[in-house]
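S.K.: Below are the structure tokens for one structure; questions will follow.
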Amino acid sequence: MNSPASALKIADASLVSYTHWMYALHAASALIGMFGSAFIATAFVFGLPSIIAVVMNYIRRGDARGTHLESHFTWQLRTFWFAALWVTVVFLLSLPLFFVLVGFVTFPIGIFIIGVWVIYRVVRGWLKLKDGQPV
């Protein structure tokens, strides 16, 4: 009986390297948010390195189909788009609360939580890639 992992085709070494670069760009955005004036989540969603990584992902996504890298490509896209969604939700929920000053608390807390989630997703995915495993 074949396991799903044995049915995967072998990924090209250059595509593995390409995937590492995408994780590195996402990590760079998170670091910019951590050490810059931005939050991790907002730097991740609006930062140029992450946007470049998303474009790279869409360009080579078809090449990853059927390999263990397919899960990494999906993982990275879901991380980006869900982070964008949750940043928008936190902003929209906090916006009316800014008028009563509570939004100045809810917005940074929400963005901080999203930032922690982003770091978890980037680290977990990158470690799985390093080990040659799907996410």
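Chain labels follow the order of the structure tokens: the first chain is A, the next B, and so on; residue numbering restarts at 1 in every chain, and ligands are counted from 1 in their shown order.
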Taking 2 positions as the minimum chain separation for residues in the same chain, which residues sit within 9 Å of region 87-96 of chain A when counting only C-alpha atoms? Answer as a list in words.

M.R.: Ala41, Thr42, Val45, Phe82, Ala83, Ala84, Leu85, Phe98, Phe99, Val100, Val102, Gly103, Phe104, Val105, Thr106, Phe107, Gly110, Ile111 and Ile114 of chain A

S.K.: Using C-alpha atoms, can you write the selected residues to a file as an mmCIF file, in the first residue's frame?

M.R.:
data_model
loop_
_atom_site.group_PDB
_atom_site.id
_atom_site.type_symbol
_atom_site.label_atom_id
_atom_site.label_comp_id
_atom_site.auth_asym_id
_atom_site.auth_seq_id
_atom_site.Cartn_x
_atom_site.Cartn_y
_atom_site.Cartn_z
ATOM 1 C CA ALA A 41 1.782 41.804 10.844
ATOM 2 C CA THR A 42 1.551 45.079 8.935
ATOM 3 C CA VAL A 45 1.211 42.207 4.678
ATOM 4 C CA PHE A 82 -5.090 35.253 6.074
ATOM 5 C CA ALA A 83 -2.758 37.795 7.686
ATOM 6 C CA ALA A 84 -4.113 40.416 5.275
ATOM 7 C CA LEU A 85 -7.677 39.390 6.101
ATOM 8 C CA PHE A 98 -10.769 54.818 18.235
ATOM 9 C CA PHE A 99 -13.447 57.444 18.932
ATOM 10 C CA VAL A 100 -13.753 56.208 22.509
ATOM 11 C CA VAL A 102 -10.409 51.806 23.194
ATOM 12 C CA GLY A 103 -9.289 51.282 19.592
ATOM 13 C CA PHE A 104 -5.827 52.504 20.571
ATOM 14 C CA VAL A 105 -5.630 49.351 22.707
ATOM 15 C CA THR A 106 -7.531 46.805 20.595
ATOM 16 C CA PHE A 107 -5.682 47.566 17.365
ATOM 17 C CA GLY A 110 -4.859 42.416 17.594
ATOM 18 C CA ILE A 111 -1.949 43.236 15.301
ATOM 19 C CA ILE A 114 -1.421 38.318 14.175
#

S.K.: DSSP says helix (DSSP H, G or I) for which residues of chain A? Put them as a PyMOL selection string?

M.R.: chain A and resi 4-7+13-35+40-46+48-64+69-94+96-100+103-130

S.K.: Within 8 Å of Ala28 (chain A), counting only C-alpha atoms, which residues show up once you throw out same-chain ones fewer than 4 positions away? Write them as a ChimeraX atom specification, please.

M.R.: /A:24,32,49-50

S.K.: Output C-alpha atoms of each residue in that selection to a file, as a short mmCIF file (atom, residue, chain, number, x, y, z; two decimals), in the first residue's frame.

M.R.:
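File produced: part-v6.cif:
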data_model
loop_
_atom_site.label_atom_id
_atom_site.label_comp_id
_atom_site.auth_asym_id
_atom_site.auth_seq_id
_atom_site.Cartn_x
_atom_site.Cartn_y
_atom_site.Cartn_z
CA ALA A 24 13.56 34.37 3.58
CA ILE A 32 11.48 44.69 9.47
CA PRO A 49 9.72 41.56 0.61
CA SER A 50 6.49 39.66 1.34
#

S.K.: Just checking: using only C-alpha atoms, which residue out of A:Leu97, A:Lys128, A:Ser14, A:Gly115 ends up closest to Ser71 (chain A)?

M.R.: A:Lys128

S.K.: Tell me which protein, DNA and RNA residues are within 9 Å of Met56 (chain A), counting only C-alpha atoms, leaving out same-chain ones fewer than 4 positions away, and put them as a PDB file with N, CA and C atoms, in the first residue's frame.

M.R.:
ATOM      1  N   TYR A  18      14.448  28.101  -4.408  1.00  0.00           N
ATOM      2  CA  TYR A  18      13.480  29.169  -4.677  1.00  0.00           C
ATOM      3  C   TYR A  18      12.504  29.307  -3.504  1.00  0.00           C
ATOM      4  N   MET A  22      11.713  32.405  -0.828  1.00  0.00           N
ATOM      5  CA  MET A  22      10.400  32.969  -0.496  1.00  0.00           C
ATOM      6  C   MET A  22      10.220  33.060   1.023  1.00  0.00           C
ATOM      7  N   ILE A  51       5.494  40.929  -0.442  1.00  0.00           N
ATOM      8  CA  ILE A  51       4.753  41.072  -1.701  1.00  0.00           C
ATOM      9  C   ILE A  51       5.537  40.420  -2.844  1.00  0.00           C
ATOM     10  N   ILE A  52       6.852  40.597  -2.838  1.00  0.00           N
ATOM     11  CA  ILE A  52       7.698  39.945  -3.844  1.00  0.00           C
ATOM     12  C   ILE A  52       7.589  38.427  -3.708  1.00  0.00           C
ATOM     13  N   ARG A  60       5.713  30.482  -9.814  1.00  0.00           N
ATOM     14  CA  ARG A  60       6.253  29.114  -9.875  1.00  0.00           C
ATOM     15  C   ARG A  60       5.364  28.068  -9.198  1.00  0.00           C
ATOM     16  N   ARG A  61       4.168  28.452  -8.818  1.00  0.00           N
ATOM     17  CA  ARG A  61       3.280  27.529  -8.098  1.00  0.00           C
ATOM     18  C   ARG A  61       3.004  26.260  -8.899  1.00  0.00           C
TER      19      ARG A  61
END

S.K.: Which neighbours of Gly62 (chain A) fall inside 12 Å, counting only C-alpha atoms, when residues of the same chain fewer than 3 positions from it are skipped, and could you give them as a list of chain:residue names?

M.R.: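 Selected residues are A:Ala11, A:Leu15, A:Met56, A:Asn57, A:Tyr58, A:Ile59, A:Arg65, A:Gly66, A:Thr67, A:Leu69, A:Glu70, A:Ser71, A:Phe73, A:Thr74.
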
S.K.: Take the residues from that selection and write them out as a PDB file, in the first residue's frame, keeping N, CA and C atoms.

M.R.:
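To be explicit, this is the file written out as part-v7.pdb:
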ATOM      1  N   ALA A  11      11.166  17.003  -6.091  1.00  0.00           N
ATOM      2  CA  ALA A  11      11.238  18.425  -6.440  1.00  0.00           C
ATOM      3  C   ALA A  11      12.623  18.756  -6.974  1.00  0.00           C
ATOM      4  N   LEU A  15      14.037  24.580  -7.358  1.00  0.00           N
ATOM      5  CA  LEU A  15      12.745  24.972  -6.808  1.00  0.00           C
ATOM      6  C   LEU A  15      12.770  24.940  -5.280  1.00  0.00           C
ATOM      7  N   MET A  56       6.401  35.772  -6.492  1.00  0.00           N
ATOM      8  CA  MET A  56       7.242  34.620  -6.822  1.00  0.00           C
ATOM      9  C   MET A  56       6.449  33.327  -6.678  1.00  0.00           C
ATOM     10  N   ASN A  57       5.663  33.244  -5.615  1.00  0.00           N
ATOM     11  CA  ASN A  57       4.868  32.057  -5.346  1.00  0.00           C
ATOM     12  C   ASN A  57       3.902  31.778  -6.492  1.00  0.00           C
ATOM     13  N   TYR A  58       3.184  32.805  -6.914  1.00  0.00           N
ATOM     14  CA  TYR A  58       2.226  32.614  -8.000  1.00  0.00           C
ATOM     15  C   TYR A  58       2.912  32.270  -9.328  1.00  0.00           C
ATOM     16  N   ILE A  59       4.107  32.810  -9.548  1.00  0.00           N
ATOM     17  CA  ILE A  59       4.832  32.540 -10.793  1.00  0.00           C
ATOM     18  C   ILE A  59       5.239  31.072 -10.909  1.00  0.00           C
ATOM     19  N   ARG A  65       3.557  21.666  -8.127  1.00  0.00           N
ATOM     20  CA  ARG A  65       2.450  20.699  -8.062  1.00  0.00           C
ATOM     21  C   ARG A  65       2.980  19.268  -8.095  1.00  0.00           C
ATOM     22  N   GLY A  66       2.451  18.466  -7.185  1.00  0.00           N
ATOM     23  CA  GLY A  66       2.834  17.064  -7.124  1.00  0.00           C
ATOM     24  C   GLY A  66       4.095  16.789  -6.328  1.00  0.00           C
ATOM     25  N   THR A  67       4.725  17.828  -5.789  1.00  0.00           N
ATOM     26  CA  THR A  67       5.923  17.652  -4.953  1.00  0.00           C
ATOM     27  C   THR A  67       5.591  18.048  -3.522  1.00  0.00           C
ATOM     28  N   LEU A  69       6.833  20.409  -2.115  1.00  0.00           N
ATOM     29  CA  LEU A  69       6.868  21.875  -2.093  1.00  0.00           C
ATOM     30  C   LEU A  69       5.485  22.490  -2.310  1.00  0.00           C
ATOM     31  N   GLU A  70       4.582  21.750  -2.901  1.00  0.00           N
ATOM     32  CA  GLU A  70       3.237  22.275  -3.134  1.00  0.00           C
ATOM     33  C   GLU A  70       2.606  22.732  -1.820  1.00  0.00           C
ATOM     34  N   SER A  71       2.804  21.956  -0.761  1.00  0.00           N
ATOM     35  CA  SER A  71       2.239  22.339   0.542  1.00  0.00           C
ATOM     36  C   SER A  71       2.893  23.624   1.056  1.00  0.00           C
ATOM     37  N   PHE A  73       4.121  26.112  -0.841  1.00  0.00           N
ATOM     38  CA  PHE A  73       3.581  27.217  -1.631  1.00  0.00           C
ATOM     39  C   PHE A  73       2.200  27.601  -1.112  1.00  0.00           C
ATOM     40  N   THR A  74       1.357  26.601  -0.857  1.00  0.00           N
ATOM     41  CA  THR A  74       0.010  26.858  -0.321  1.00  0.00           C
ATOM     42  C   THR A  74       0.098  27.473   1.069  1.00  0.00           C
TER      43      THR A  74
END

S.K.: Please identify all polymer residues within 9 Å of region 117-125 of chain A, counting only C-alpha atoms, omitting same-chain residues fewer than 2 positions from it, and present them as a list of chain:residue names.

M.R.: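 Listing them by chain and then by number gives A:Tyr23, A:Ala24, A:His26, A:Ala27, A:Ala30, A:Ile40, A:Ala41, A:Phe44, A:His72, A:Trp75, A:Gln76, A:Thr79, A:Phe80, A:Ala83, A:Phe112, A:Ile113, A:Ile114, A:Gly115, A:Leu127, A:Lys128, A:Leu129, A:Lys130, A:Pro134, A:Val135.
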
S.K.: How would the residues just picked look written out with N, CA and C atoms as a short mmCIF file (atom, residue, chain, number, x, y, z; two decimals), in the first residue's frame?

M.R.:
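Result file result_15.cif:
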data_model
loop_
_atom_site.label_atom_id
_atom_site.label_comp_id
_atom_site.auth_asym_id
_atom_site.auth_seq_id
_atom_site.Cartn_x
_atom_site.Cartn_y
_atom_site.Cartn_z
N TYR A 23 10.62 31.99 1.74
CA TYR A 23 10.57 32.05 3.20
C TYR A 23 11.46 33.17 3.74
N ALA A 24 12.64 33.33 3.13
CA ALA A 24 13.56 34.37 3.58
C ALA A 24 12.95 35.76 3.39
N HIS A 26 9.71 36.48 3.35
CA HIS A 26 8.66 36.63 4.36
C HIS A 26 9.27 36.91 5.73
N ALA A 27 10.35 36.21 6.06
CA ALA A 27 11.03 36.43 7.33
C ALA A 27 11.61 37.85 7.39
N ALA A 30 8.91 40.20 8.34
CA ALA A 30 8.60 40.08 9.77
C ALA A 30 9.68 40.78 10.61
N ILE A 40 4.84 43.66 13.15
CA ILE A 40 5.21 42.49 12.35
C ILE A 40 4.13 42.20 11.31
N ALA A 41 2.88 42.17 11.74
CA ALA A 41 1.78 41.80 10.84
C ALA A 41 1.63 42.80 9.70
N PHE A 44 4.50 42.48 7.34
CA PHE A 44 4.36 41.24 6.59
C PHE A 44 3.37 41.41 5.44
N HIS A 72 4.16 23.83 0.76
CA HIS A 72 4.85 25.05 1.20
C HIS A 72 4.34 26.27 0.45
N TRP A 75 0.97 26.95 1.90
CA TRP A 75 1.17 27.43 3.28
C TRP A 75 1.53 28.92 3.28
N GLN A 76 2.47 29.29 2.41
CA GLN A 76 2.91 30.68 2.36
C GLN A 76 1.80 31.60 1.86
N THR A 79 -0.79 31.95 4.58
CA THR A 79 -0.27 32.80 5.65
C THR A 79 -0.42 34.27 5.26
N PHE A 80 -0.01 34.62 4.06
CA PHE A 80 -0.09 36.00 3.60
C PHE A 80 -1.53 36.49 3.54
N ALA A 83 -3.28 36.65 6.93
CA ALA A 83 -2.76 37.79 7.69
C ALA A 83 -3.38 39.08 7.17
N PHE A 112 -0.54 42.59 17.19
CA PHE A 112 0.52 41.82 17.85
C PHE A 112 0.22 40.32 17.77
N ILE A 113 -1.02 39.93 18.03
CA ILE A 113 -1.40 38.52 17.98
C ILE A 113 -1.23 37.97 16.56
N ILE A 114 -1.61 38.74 15.57
CA ILE A 114 -1.42 38.32 14.17
C ILE A 114 0.07 38.18 13.88
N GLY A 115 0.88 39.10 14.39
CA GLY A 115 2.33 39.04 14.19
C GLY A 115 2.94 37.77 14.76
N LEU A 127 11.18 25.40 8.74
CA LEU A 127 11.81 24.23 9.35
C LEU A 127 11.41 22.94 8.65
N LYS A 128 10.14 22.84 8.27
CA LYS A 128 9.69 21.66 7.53
C LYS A 128 10.39 21.58 6.17
N LEU A 129 10.55 22.72 5.52
CA LEU A 129 11.26 22.75 4.24
C LEU A 129 12.71 22.32 4.41
N LYS A 130 13.34 22.81 5.46
CA LYS A 130 14.74 22.44 5.74
C LYS A 130 14.88 20.92 5.91
N PRO A 134 6.77 18.02 3.70
CA PRO A 134 5.65 18.95 3.44
C PRO A 134 5.19 19.56 4.75
N VAL A 135 4.50 20.67 4.67
CA VAL A 135 3.97 21.30 5.89
C VAL A 135 2.72 20.54 6.30
#
